[in-house]
Amino acid sequence: MKVQRVRLLHDLVYSMAQEKPESPALLYKKETLSFRQLAAEVERFSHSMCGLGLGLNERVGIYLPKQLEVAIGVFGAAAAGGVAVPINPMLKAQQVSHILRDCNVRVLITSPSRAKQLVDILPDCHDLDFLVLTGKIGELPQFPGISTLSWEDLLNTPGKKPPQRIDSDMAAILYTSGSTGSPKGVVLSHLNMVAAADSSSEFLQLTPSDRLLAVLPLSFDYGLSQLTTAYFVGASVVLMDYLLPKEVITAVVKHGVTGISAVPPIWNQLAVLDWPESAVESMRYITTSGGAARRATLDRLRAKLPDTVIFQMYGLTEAFRSAYLPPQEIDERPGSVGKALPNVELMIVREDGTRCAPNEPGELVHRGSLVAMGYWNDLERTAQRFRPTPGQPAGIPIPELAVWSGDQMRMDADGYLYFESRRDEMIKTSGYRVSPTEVEEVIFASGLAAETVALGVAHPELSQAIVLLVIPANPEVDVAALLDLCRKEMPTYMVPEHIELCSDLPRNPNGKIDRARITAQYKAHFSEVKS
Amino acid sequence: MEALDLAKKVIAVNLQLELDQLTADTEILGNFPQFNSLTIVGVIGSIEDELDCAIDDEDITTDIFTTVGDLAEFIESLNN
């Protein structure tokens, strides 16, 4: 497959197969695929998919733990003229069913044992025609209207040349949960993904000698960009499902990993481990996104990895990735989530759509080539989030759509952003607006908490009162100690009304604390306490 | 209790599965969506309770969760 310029998602693999055919591209357990081998797998998969009868823009679901077939399937579905729908392997049958039906998945790739767990839901997936299993089909029942074949069967299907695509065609759908309603499928074009890979590899200064450890799920924009960003420059990626923190360090040592991207709860765990000398030497950079990183965690990481640069990032699945904080700015601009990625414009706007002055809080709006194509088959929610760009010259008759993030931020005079809160997470208590992160930072900085979350819960007198959940850092930590700390460090209105110790906090499938779920659990807390 | 039976029991309890779904060959890692780092903590805790022993963090790797049989082997190794 000859590629002159990288314009399409699968060009990322094909172009490197020309430039650096024998360089390692993808590592998983004991296997290593070079770019030449990966490109051959992707091409064969795409031809087989077309031979099977996958039509233009049809969706291919991939429900697997991280393994070679996920990467081959994502690039291969796009190369076939179809659309990759990576499904988080932590989702259960009902949630998988929602995705398969919502975006009319035609081909599902999964393992035999996972398929067994889906037997009850598969018959209701109206558009599913093919079930491709990575392994022996075995005793799986036959589903009416669905052909079941093994990965080998698929690859032995007589191939057909895939149709030509352009970069404004759709390439992938990533499902994301909001605070309300069922998960939405964000439609990403080839342009969205290639432009994001270009932009991210530029500020990360990635080179072909970089080796990324992909611990985040590939169903998540930040996770999928581990592959696309690496392949934009010909770097290699090691696939790993995150389970035990210490095994991340083992993998870093074993593979000479230079870069890791992860969410704050993972960094909180990794920051307290011992990093051996060889890991300290190989690690060139880390990135953290998906919520504000704890200051104490960043400080610990910097102490343990003195030569590793830390990029904080901010992104919305609706625009793939948005902002990054250059490592040297961590001390200059503490608390900032960064500035716009190369070739992205970010602006802060008031409720009336006019632009905010520097440091005036407002809603973050993202414009540029990373703005997604909307939510699949959801006009209403698309219209809320994808709206005309503020300040477009009146002479341009066609409005350019930007993503209105719903996140409240302020921007300093140099374009650096500071998170205020998600609009729906801001706590309003006794007439004050309190950001949950502000409260959490105080608790976390004290060293008393391994993890913590603050919520606003409806309260008869205060409008909302603050509930604080804490996973204690050690068995000596009790509620009294936490309350003492809050009273000492916080203004009165910020002191939690209720503090609770817990051994665990609910997480969403991307590993982030699931605030929506916790909020729902505590919704009636103060009315119950009163009665 | 035989190591394999104990392995089945702790997996069934911690992953909310039926005992008869499990054999020595049942894959755990990558197979069950509900299997995560907290499940590992839960399974290890259950084994410690059942055998009234303490398991060293150093000995816990994800490899012992590849299949139910691998977990049984790990349990066996604790007895020695």
# chains A, B, ... in the order shown; residues from 1 in each chain; ligands from 1

$ closest_atom_pairs --of "chain B" --to "chain A" --cutoff "9 Å" --atoms "only C-alpha atoms" --output "JSON lines"
{"residue": "B:Thr26", "atom": "CA", "partner": "A:Ser113", "partner_atom": "CA", "distance": 8.6}
{"residue": "B:Glu27", "atom": "CA", "partner": "A:Ser113", "partner_atom": "CA", "distance": 8.0}
{"residue": "B:Leu29", "atom": "CA", "partner": "A:Pro65", "partner_atom": "CA", "distance": 8.7}
{"residue": "B:Gly30", "atom": "CA", "partner": "A:Pro65", "partner_atom": "CA", "distance": 5.1}
{"residue": "B:Asn31", "atom": "CA", "partner": "A:Arg114", "partner_atom": "CA", "distance": 6.0}
{"residue": "B:Phe32", "atom": "CA", "partner": "A:Arg114", "partner_atom": "CA", "distance": 7.2}
{"residue": "B:Pro33", "atom": "CA", "partner": "A:Met90", "partner_atom": "CA", "distance": 4.1}
{"residue": "B:Gln34", "atom": "CA", "partner": "A:Met90", "partner_atom": "CA", "distance": 6.2}
{"residue": "B:Phe35", "atom": "CA", "partner": "A:Met90", "partner_atom": "CA", "distance": 7.8}
{"residue": "B:Asn36", "atom": "CA", "partner": "A:Leu243", "partner_atom": "CA", "distance": 6.0}
{"residue": "B:Ser37", "atom": "CA", "partner": "A:Leu243", "partner_atom": "CA", "distance": 4.7}
{"residue": "B:Leu38", "atom": "CA", "partner": "A:Asp504", "partner_atom": "CA", "distance": 8.4}
{"residue": "B:Ile40", "atom": "CA", "partner": "A:Leu243", "partner_atom": "CA", "distance": 8.3}
{"residue": "B:Ile60", "atom": "CA", "partner": "A:Leu244", "partner_atom": "CA", "distance": 8.8}
{"residue": "B:Thr61", "atom": "CA", "partner": "A:Leu244", "partner_atom": "CA", "distance": 7.4}
{"residue": "B:Thr62", "atom": "CA", "partner": "A:Leu244", "partner_atom": "CA", "distance": 7.1}

$ write_last_selection --atoms "N, CA and C atoms" --output "compact mmCIF listing (two decimals), in the first residue's frame"
# COMPACT_ATOMS: atom_id res chain seq x y z
N THR B 26 -10.30 -22.24 32.57
CA THR B 26 -11.00 -20.96 32.39
C THR B 26 -10.00 -19.80 32.48
N GLU B 27 -9.99 -18.98 31.44
CA GLU B 27 -9.10 -17.82 31.46
C GLU B 27 -9.71 -16.76 32.36
N LEU B 29 -7.59 -13.52 33.22
CA LEU B 29 -7.05 -12.26 32.68
C LEU B 29 -7.62 -11.96 31.31
N GLY B 30 -8.09 -10.77 31.12
CA GLY B 30 -8.54 -10.35 29.79
C GLY B 30 -9.90 -10.89 29.41
N ASN B 31 -10.44 -11.77 30.24
CA ASN B 31 -11.67 -12.43 29.87
C ASN B 31 -12.88 -11.78 30.52
N PHE B 32 -12.81 -11.59 31.85
CA PHE B 32 -13.98 -11.06 32.56
C PHE B 32 -13.87 -9.54 32.71
N PRO B 33 -14.87 -8.82 32.21
CA PRO B 33 -14.80 -7.35 32.30
C PRO B 33 -14.69 -6.85 33.73
N GLN B 34 -15.23 -7.62 34.68
CA GLN B 34 -15.21 -7.14 36.07
C GLN B 34 -13.88 -7.39 36.77
N PHE B 35 -12.94 -8.04 36.08
CA PHE B 35 -11.65 -8.32 36.72
C PHE B 35 -10.75 -7.09 36.63
N ASN B 36 -10.42 -6.51 37.77
CA ASN B 36 -9.53 -5.34 37.77
C ASN B 36 -8.62 -5.40 38.99
N SER B 37 -7.89 -4.32 39.23
CA SER B 37 -6.90 -4.37 40.31
C SER B 37 -7.57 -4.60 41.67
N LEU B 38 -8.82 -4.14 41.81
CA LEU B 38 -9.49 -4.35 43.09
C LEU B 38 -9.88 -5.82 43.28
N ILE B 40 -8.12 -8.27 42.28
CA ILE B 40 -6.90 -8.95 42.72
C ILE B 40 -6.78 -8.84 44.24
N ILE B 60 2.77 -11.53 44.37
CA ILE B 60 1.56 -11.36 43.56
C ILE B 60 1.92 -10.74 42.21
N THR B 61 1.64 -11.48 41.15
CA THR B 61 1.82 -10.94 39.80
C THR B 61 0.53 -11.22 39.04
N THR B 62 0.34 -10.55 37.91
CA THR B 62 -0.90 -10.82 37.15
C THR B 62 -0.85 -12.22 36.53

$ residues_around --residues "Ala24 (chain B)" --least-positions-apart "5" --cutoff "7 Å" --atoms "only C-alpha atoms" --output "ChimeraX atom specification"
/B:67-69

$ select_by_dssp --residues "chain B" --states "helix (DSSP H, G or I)" --output "VMD selection string"
chain B and resid 3 to 14 19 to 21 37 to 51 57 to 59 62 to 65 68 to 79

$ atom_distance --atom1 "CA of Ser23 (chain A)" --atom2 "CA of Phe75 (chain A)"
18.0 Å

$ residues_around --residues "Ile64 (chain B)" --least-positions-apart "4" --cutoff "7 Å" --atoms "only C-alpha atoms" --output "list in words"
Asp70, Leu71 and Phe74 of chain B

$ write_last_selection --atoms "N, CA and C atoms" --output "PDB file, in the first residue's frame"
ATOM      1  N   ASP B  70      -3.822 -21.679  36.915  1.00  0.00           N
ATOM      2  CA  ASP B  70      -2.627 -20.956  37.359  1.00  0.00           C
ATOM      3  C   ASP B  70      -2.785 -20.442  38.782  1.00  0.00           C
ATOM      4  N   LEU B  71      -3.996 -20.001  39.100  1.00  0.00           N
ATOM      5  CA  LEU B  71      -4.242 -19.526  40.461  1.00  0.00           C
ATOM      6  C   LEU B  71      -4.133 -20.704  41.437  1.00  0.00           C
ATOM      7  N   PHE B  74      -0.626 -21.373  42.179  1.00  0.00           N
ATOM      8  CA  PHE B  74      -0.108 -20.374  43.117  1.00  0.00           C
ATOM      9  C   PHE B  74      -0.508 -20.746  44.543  1.00  0.00           C
TER      10      PHE B  74
END

$ closest_residue --among "B:Ala3, B:Val43, B:Gln21, B:Glu58" --to "Ser77 (chain B)" --atoms "only C-alpha atoms"
B:Ala3

$ decode --residues "region 40-74 of chain B" --atoms "C-alpha atoms" --output "short mmCIF file (atom, residue, chain, number, x, y, z; two decimals), in the first residue's frame"
data_model
loop_
_atom_site.label_atom_id
_atom_site.label_comp_id
_atom_site.auth_asym_id
_atom_site.auth_seq_id
_atom_site.Cartn_x
_atom_site.Cartn_y
_atom_site.Cartn_z
CA ILE B 40 -6.90 -8.95 42.72
CA VAL B 41 -6.94 -7.43 46.19
CA GLY B 42 -10.25 -9.22 46.89
CA VAL B 43 -9.07 -12.61 45.65
CA ILE B 44 -5.82 -12.42 47.60
CA GLY B 45 -7.77 -11.41 50.71
CA SER B 46 -10.11 -14.39 50.29
CA ILE B 47 -7.20 -16.81 49.93
CA GLU B 48 -5.54 -15.35 53.03
CA ASP B 49 -8.78 -15.78 54.99
CA GLU B 50 -9.33 -19.34 53.81
CA LEU B 51 -5.77 -20.48 54.47
CA ASP B 52 -5.23 -18.21 57.45
CA CYS B 53 -1.94 -16.99 56.03
CA ALA B 54 -0.37 -13.74 54.86
CA ILE B 55 0.65 -13.41 51.22
CA ASP B 56 3.64 -11.24 50.42
CA ASP B 57 2.92 -8.45 47.88
CA GLU B 58 6.14 -9.44 46.16
CA ASP B 59 4.65 -12.82 45.24
CA ILE B 60 1.56 -11.36 43.56
CA THR B 61 1.82 -10.94 39.80
CA THR B 62 -0.90 -10.82 37.15
CA ASP B 63 0.49 -14.08 35.69
CA ILE B 64 -1.03 -16.08 38.54
CA PHE B 65 -4.43 -14.93 37.25
CA THR B 66 -3.98 -16.18 33.69
CA THR B 67 -6.30 -19.16 34.27
CA VAL B 68 -8.06 -20.71 37.24
CA GLY B 69 -5.45 -23.49 37.04
CA ASP B 70 -2.63 -20.96 37.36
CA LEU B 71 -4.24 -19.53 40.46
CA ALA B 72 -4.55 -23.07 41.86
CA GLU B 73 -0.83 -23.58 41.27
CA PHE B 74 -0.11 -20.37 43.12
#
